[in-house]
Amino acid sequence: MKDLKEKEAFTFIEIMLVAIIIGILAGFGVPQYFKTVQKAKQRDVTAIIHLIKGAQEMYHNKKGVYYPQNTSSVAIADINQNLNLDILQPSDIVYQCTGTGGSGFLCKGCHPSLINGRWCVETTEVSNPACVQGTGLCY
C-alpha cells in the first residue's frame with residue numbers, strides 16, 4: 001500500500017512537453033482556420049455578386065439600360081434602392097457598381113484580406129470587359 005504522504009503529480013518536464021505539443025498543434029490549426037474563414041467570405045461575396053448581376057439583368061429587361069446609367073460608381077445603399085435588393089454590407093467588405101453609360105456595368109465586392117492581401121470578386125456586363133483575368137475572381 002502507498003504511504004499517504006507520497007503524492008502522485010506531474011513533473012514540470014511533463015507539463016512543459018504537453019504545452020509544447022499543444023503549441024505545435026495550434027500552430028498548424030490557427031492558419032488553417034483563417035484560410036477557411038477567408039474562403040467562406042469569398043463564397044458569400046460571390047453569391048451576393050451573382051445576386052447583383054441577376055438584379056442588373058432584371059433592371060435591364062425592364063428599363064432597357066443597366067444601373068447606374070452614367071459612369072459614376074455607386075455604393076451598396078444605392079444598389080439596394082435602385083435594384084430592389086436588401087444586401088447587408090459587412091464592415092469588412094465593400095460592394096460597388098460602376099456604370100458604362102447604361103450599356104453595361106462592373107460590380108465588385110472587395111475585402112482587405114489579412115492572409116493574401118486584398119481580394120475582389122467582380123462581375124461585368126459590357127462589350128469590352130473590365131474584369132481582367134488575374135485581377136480578381138471574375139463571374
# chains A, B, ... in the order shown; residues from 1 in each chain; ligands from 1

call {"tool": "closest_atom_pairs", "arguments": {"of": "range 75-111 of chain A", "to": "range 48-61 of chain A", "cutoff": "10 Å", "atoms": "only C-alpha atoms", "output": "tab-separated table"}}
result
residue	atom	partner	partner_atom	distance
A:Ile79	CA	A:Ile52	CA	8.2
A:Asn80	CA	A:Ile52	CA	9.0
A:Asn82	CA	A:Tyr59	CA	8.7
A:Leu83	CA	A:Ala55	CA	5.9
A:Asn84	CA	A:Ala55	CA	7.8
A:Leu85	CA	A:Ala55	CA	7.8
A:Ile87	CA	A:Ile48	CA	7.7
A:Leu88	CA	A:Ile48	CA	9.8
A:Tyr95	CA	A:Ile49	CA	8.6
A:Gln96	CA	A:Ile49	CA	9.9
A:Cys97	CA	A:Ile52	CA	9.2
A:Gly102	CA	A:His60	CA	8.9
A:Ser103	CA	A:His60	CA	9.2
A:Gly104	CA	A:His60	CA	9.3
A:Phe105	CA	A:Gln56	CA	8.5
A:Leu106	CA	A:Lys53	CA	9.3
A:Cys107	CA	A:Ile49	CA	7.2
A:Lys108	CA	A:Ile49	CA	6.8
A:Gly109	CA	A:Ile49	CA	7.1

call {"tool": "write_last_selection", "arguments": {"atoms": "N, CA and C atoms", "output": "JSON list (two decimals), in the first residue's frame"}}
result
[["chain", "number", "residue", "atom", "x", "y", "z"],
["A", 79, "ILE", "N", -27.32, 50.67, -54.64],
["A", 79, "ILE", "CA", -27.59, 49.41, -55.34],
["A", 79, "ILE", "C", -28.86, 48.78, -54.78],
["A", 80, "ASN", "N", -28.96, 48.72, -53.46],
["A", 80, "ASN", "CA", -30.15, 48.15, -52.83],
["A", 80, "ASN", "C", -31.42, 48.89, -53.25],
["A", 82, "ASN", "N", -32.04, 50.99, -55.90],
["A", 82, "ASN", "CA", -32.39, 51.02, -57.31],
["A", 82, "ASN", "C", -32.60, 49.65, -57.93],
["A", 83, "LEU", "N", -32.00, 48.61, -57.37],
["A", 83, "LEU", "CA", -32.18, 47.26, -57.90],
["A", 83, "LEU", "C", -33.13, 46.43, -57.05],
["A", 84, "ASN", "N", -33.78, 47.08, -56.08],
["A", 84, "ASN", "CA", -34.75, 46.41, -55.19],
["A", 84, "ASN", "C", -34.13, 45.21, -54.47],
["A", 85, "LEU", "N", -32.97, 45.41, -53.90],
["A", 85, "LEU", "CA", -32.29, 44.37, -53.14],
["A", 85, "LEU", "C", -32.24, 44.76, -51.67],
["A", 87, "ILE", "N", -29.30, 43.89, -49.48],
["A", 87, "ILE", "CA", -27.99, 43.34, -49.13],
["A", 87, "ILE", "C", -27.44, 44.10, -47.94],
["A", 88, "LEU", "N", -27.07, 43.38, -46.91],
["A", 88, "LEU", "CA", -26.42, 44.00, -45.76],
["A", 88, "LEU", "C", -24.92, 44.00, -46.01],
["A", 95, "TYR", "N", -18.94, 46.78, -51.39],
["A", 95, "TYR", "CA", -19.57, 46.49, -52.67],
["A", 95, "TYR", "C", -19.78, 47.79, -53.41],
["A", 96, "GLN", "N", -19.57, 47.77, -54.73],
["A", 96, "GLN", "CA", -19.89, 48.93, -55.53],
["A", 96, "GLN", "C", -20.08, 48.53, -56.98],
["A", 97, "CYS", "N", -20.89, 49.33, -57.69],
["A", 97, "CYS", "CA", -21.12, 49.13, -59.12],
["A", 97, "CYS", "C", -20.75, 50.41, -59.85],
["A", 102, "GLY", "N", -25.03, 53.23, -69.25],
["A", 102, "GLY", "CA", -26.27, 52.49, -69.47],
["A", 102, "GLY", "C", -26.11, 51.24, -70.30],
["A", 103, "SER", "N", -24.97, 51.08, -70.99],
["A", 103, "SER", "CA", -24.79, 49.91, -71.85],
["A", 103, "SER", "C", -24.10, 48.76, -71.14],
["A", 104, "GLY", "N", -23.69, 48.94, -69.91],
["A", 104, "GLY", "CA", -23.03, 47.88, -69.18],
["A", 104, "GLY", "C", -22.73, 48.31, -67.76],
["A", 105, "PHE", "N", -22.07, 47.44, -67.01],
["A", 105, "PHE", "CA", -21.74, 47.73, -65.62],
["A", 105, "PHE", "C", -20.58, 46.85, -65.19],
["A", 106, "LEU", "N", -19.94, 47.27, -64.11],
["A", 106, "LEU", "CA", -18.92, 46.47, -63.43],
["A", 106, "LEU", "C", -19.25, 46.55, -61.95],
["A", 107, "CYS", "N", -19.58, 45.42, -61.36],
["A", 107, "CYS", "CA", -19.87, 45.37, -59.93],
["A", 107, "CYS", "C", -18.82, 44.52, -59.25],
["A", 108, "LYS", "N", -18.40, 44.94, -58.06],
["A", 108, "LYS", "CA", -17.41, 44.14, -57.34],
["A", 108, "LYS", "C", -17.61, 44.26, -55.85],
["A", 109, "GLY", "N", -17.16, 43.23, -55.17],
["A", 109, "GLY", "CA", -17.12, 43.20, -53.72],
["A", 109, "GLY", "C", -15.68, 42.93, -53.31]]

call {"tool": "select_by_dssp", "arguments": {"residues": "range 17-102 of chain A", "states": "helix (DSSP H, G or I)", "output": "ChimeraX atom specification"}}
result
/A:17-63,76-83

call {"tool": "atom_distance", "arguments": {"atom1": "CA of Lys35 in chain A", "atom2": "CA of Val94 in chain A"}}
result
19.7 Å

call {"tool": "atom_distance", "arguments": {"atom1": "CA of His111 in chain A", "atom2": "CA of Gly99 in chain A"}}
result
21.0 Å

call {"tool": "select_by_dssp", "arguments": {"residues": "chain A", "states": "strand (DSSP E)", "output": "ChimeraX atom specification"}}
result
/A:73-75,94-99,105-112,118-125,137-138

call {"tool": "write_last_selection", "arguments": {"atoms": "N, CA and C atoms", "output": "compact mmCIF listing (two decimals), in the first residue's frame"}}
result
# COMPACT_ATOMS: atom_id res chain seq x y z
N SER A 73 -19.75 55.68 -59.88
CA SER A 73 -19.64 54.49 -59.06
C SER A 73 -20.58 54.65 -57.87
N VAL A 74 -21.39 53.63 -57.60
CA VAL A 74 -22.37 53.72 -56.52
C VAL A 74 -22.11 52.65 -55.48
N ALA A 75 -22.48 52.97 -54.25
CA ALA A 75 -22.26 52.05 -53.12
C ALA A 75 -23.48 51.16 -52.92
N VAL A 94 -16.57 45.76 -49.11
CA VAL A 94 -17.11 46.94 -49.79
C VAL A 94 -17.65 46.50 -51.14
N TYR A 95 -18.94 46.78 -51.39
CA TYR A 95 -19.57 46.49 -52.67
C TYR A 95 -19.78 47.79 -53.41
N GLN A 96 -19.57 47.77 -54.73
CA GLN A 96 -19.89 48.93 -55.53
C GLN A 96 -20.08 48.53 -56.98
N CYS A 97 -20.89 49.33 -57.69
CA CYS A 97 -21.12 49.13 -59.12
C CYS A 97 -20.75 50.41 -59.85
N THR A 98 -20.13 50.24 -61.00
CA THR A 98 -19.77 51.37 -61.85
C THR A 98 -20.47 51.19 -63.18
N GLY A 99 -21.13 52.24 -63.64
CA GLY A 99 -21.85 52.18 -64.90
C GLY A 99 -20.96 52.51 -66.08
N PHE A 105 -22.07 47.44 -67.01
CA PHE A 105 -21.74 47.73 -65.62
C PHE A 105 -20.58 46.85 -65.19
N LEU A 106 -19.94 47.27 -64.11
CA LEU A 106 -18.92 46.47 -63.43
C LEU A 106 -19.25 46.55 -61.95
N CYS A 107 -19.58 45.42 -61.36
CA CYS A 107 -19.87 45.37 -59.93
C CYS A 107 -18.82 44.52 -59.25
N LYS A 108 -18.40 44.94 -58.06
CA LYS A 108 -17.41 44.14 -57.34
C LYS A 108 -17.61 44.26 -55.85
N GLY A 109 -17.16 43.23 -55.17
CA GLY A 109 -17.12 43.20 -53.72
C GLY A 109 -15.68 42.93 -53.31
N CYS A 110 -15.10 43.82 -52.51
CA CYS A 110 -13.68 43.71 -52.16
C CYS A 110 -13.51 43.59 -50.65
N HIS A 111 -12.49 42.84 -50.28
CA HIS A 111 -12.17 42.60 -48.87
C HIS A 111 -10.68 42.76 -48.66
N PRO A 112 -10.26 43.53 -47.66
CA PRO A 112 -8.83 43.64 -47.38
C PRO A 112 -8.36 42.45 -46.56
N ARG A 118 -5.45 42.16 -50.45
CA ARG A 118 -6.81 42.50 -50.86
C ARG A 118 -7.28 41.56 -51.98
N TRP A 119 -8.52 41.11 -51.88
CA TRP A 119 -9.11 40.31 -52.95
C TRP A 119 -10.48 40.87 -53.31
N CYS A 120 -10.87 40.69 -54.56
CA CYS A 120 -12.15 41.19 -55.06
C CYS A 120 -12.85 40.11 -55.86
N VAL A 121 -14.17 40.12 -55.80
CA VAL A 121 -14.99 39.30 -56.68
C VAL A 121 -15.72 40.28 -57.58
N GLU A 122 -15.62 40.09 -58.89
CA GLU A 122 -16.17 41.05 -59.84
C GLU A 122 -17.12 40.37 -60.82
N THR A 123 -18.07 41.14 -61.33
CA THR A 123 -18.91 40.69 -62.42
C THR A 123 -19.08 41.87 -63.36
N THR A 124 -19.23 41.59 -64.63
CA THR A 124 -19.32 42.67 -65.60
C THR A 124 -20.29 42.28 -66.71
N GLU A 125 -20.85 43.29 -67.33
CA GLU A 125 -21.71 43.09 -68.49
C GLU A 125 -21.44 44.25 -69.44
N LEU A 137 -11.58 37.45 -58.82
CA LEU A 137 -12.39 36.30 -59.21
C LEU A 137 -13.49 36.83 -60.11
N CYS A 138 -13.50 36.47 -61.36
CA CYS A 138 -14.42 37.05 -62.33
C CYS A 138 -15.59 36.12 -62.61
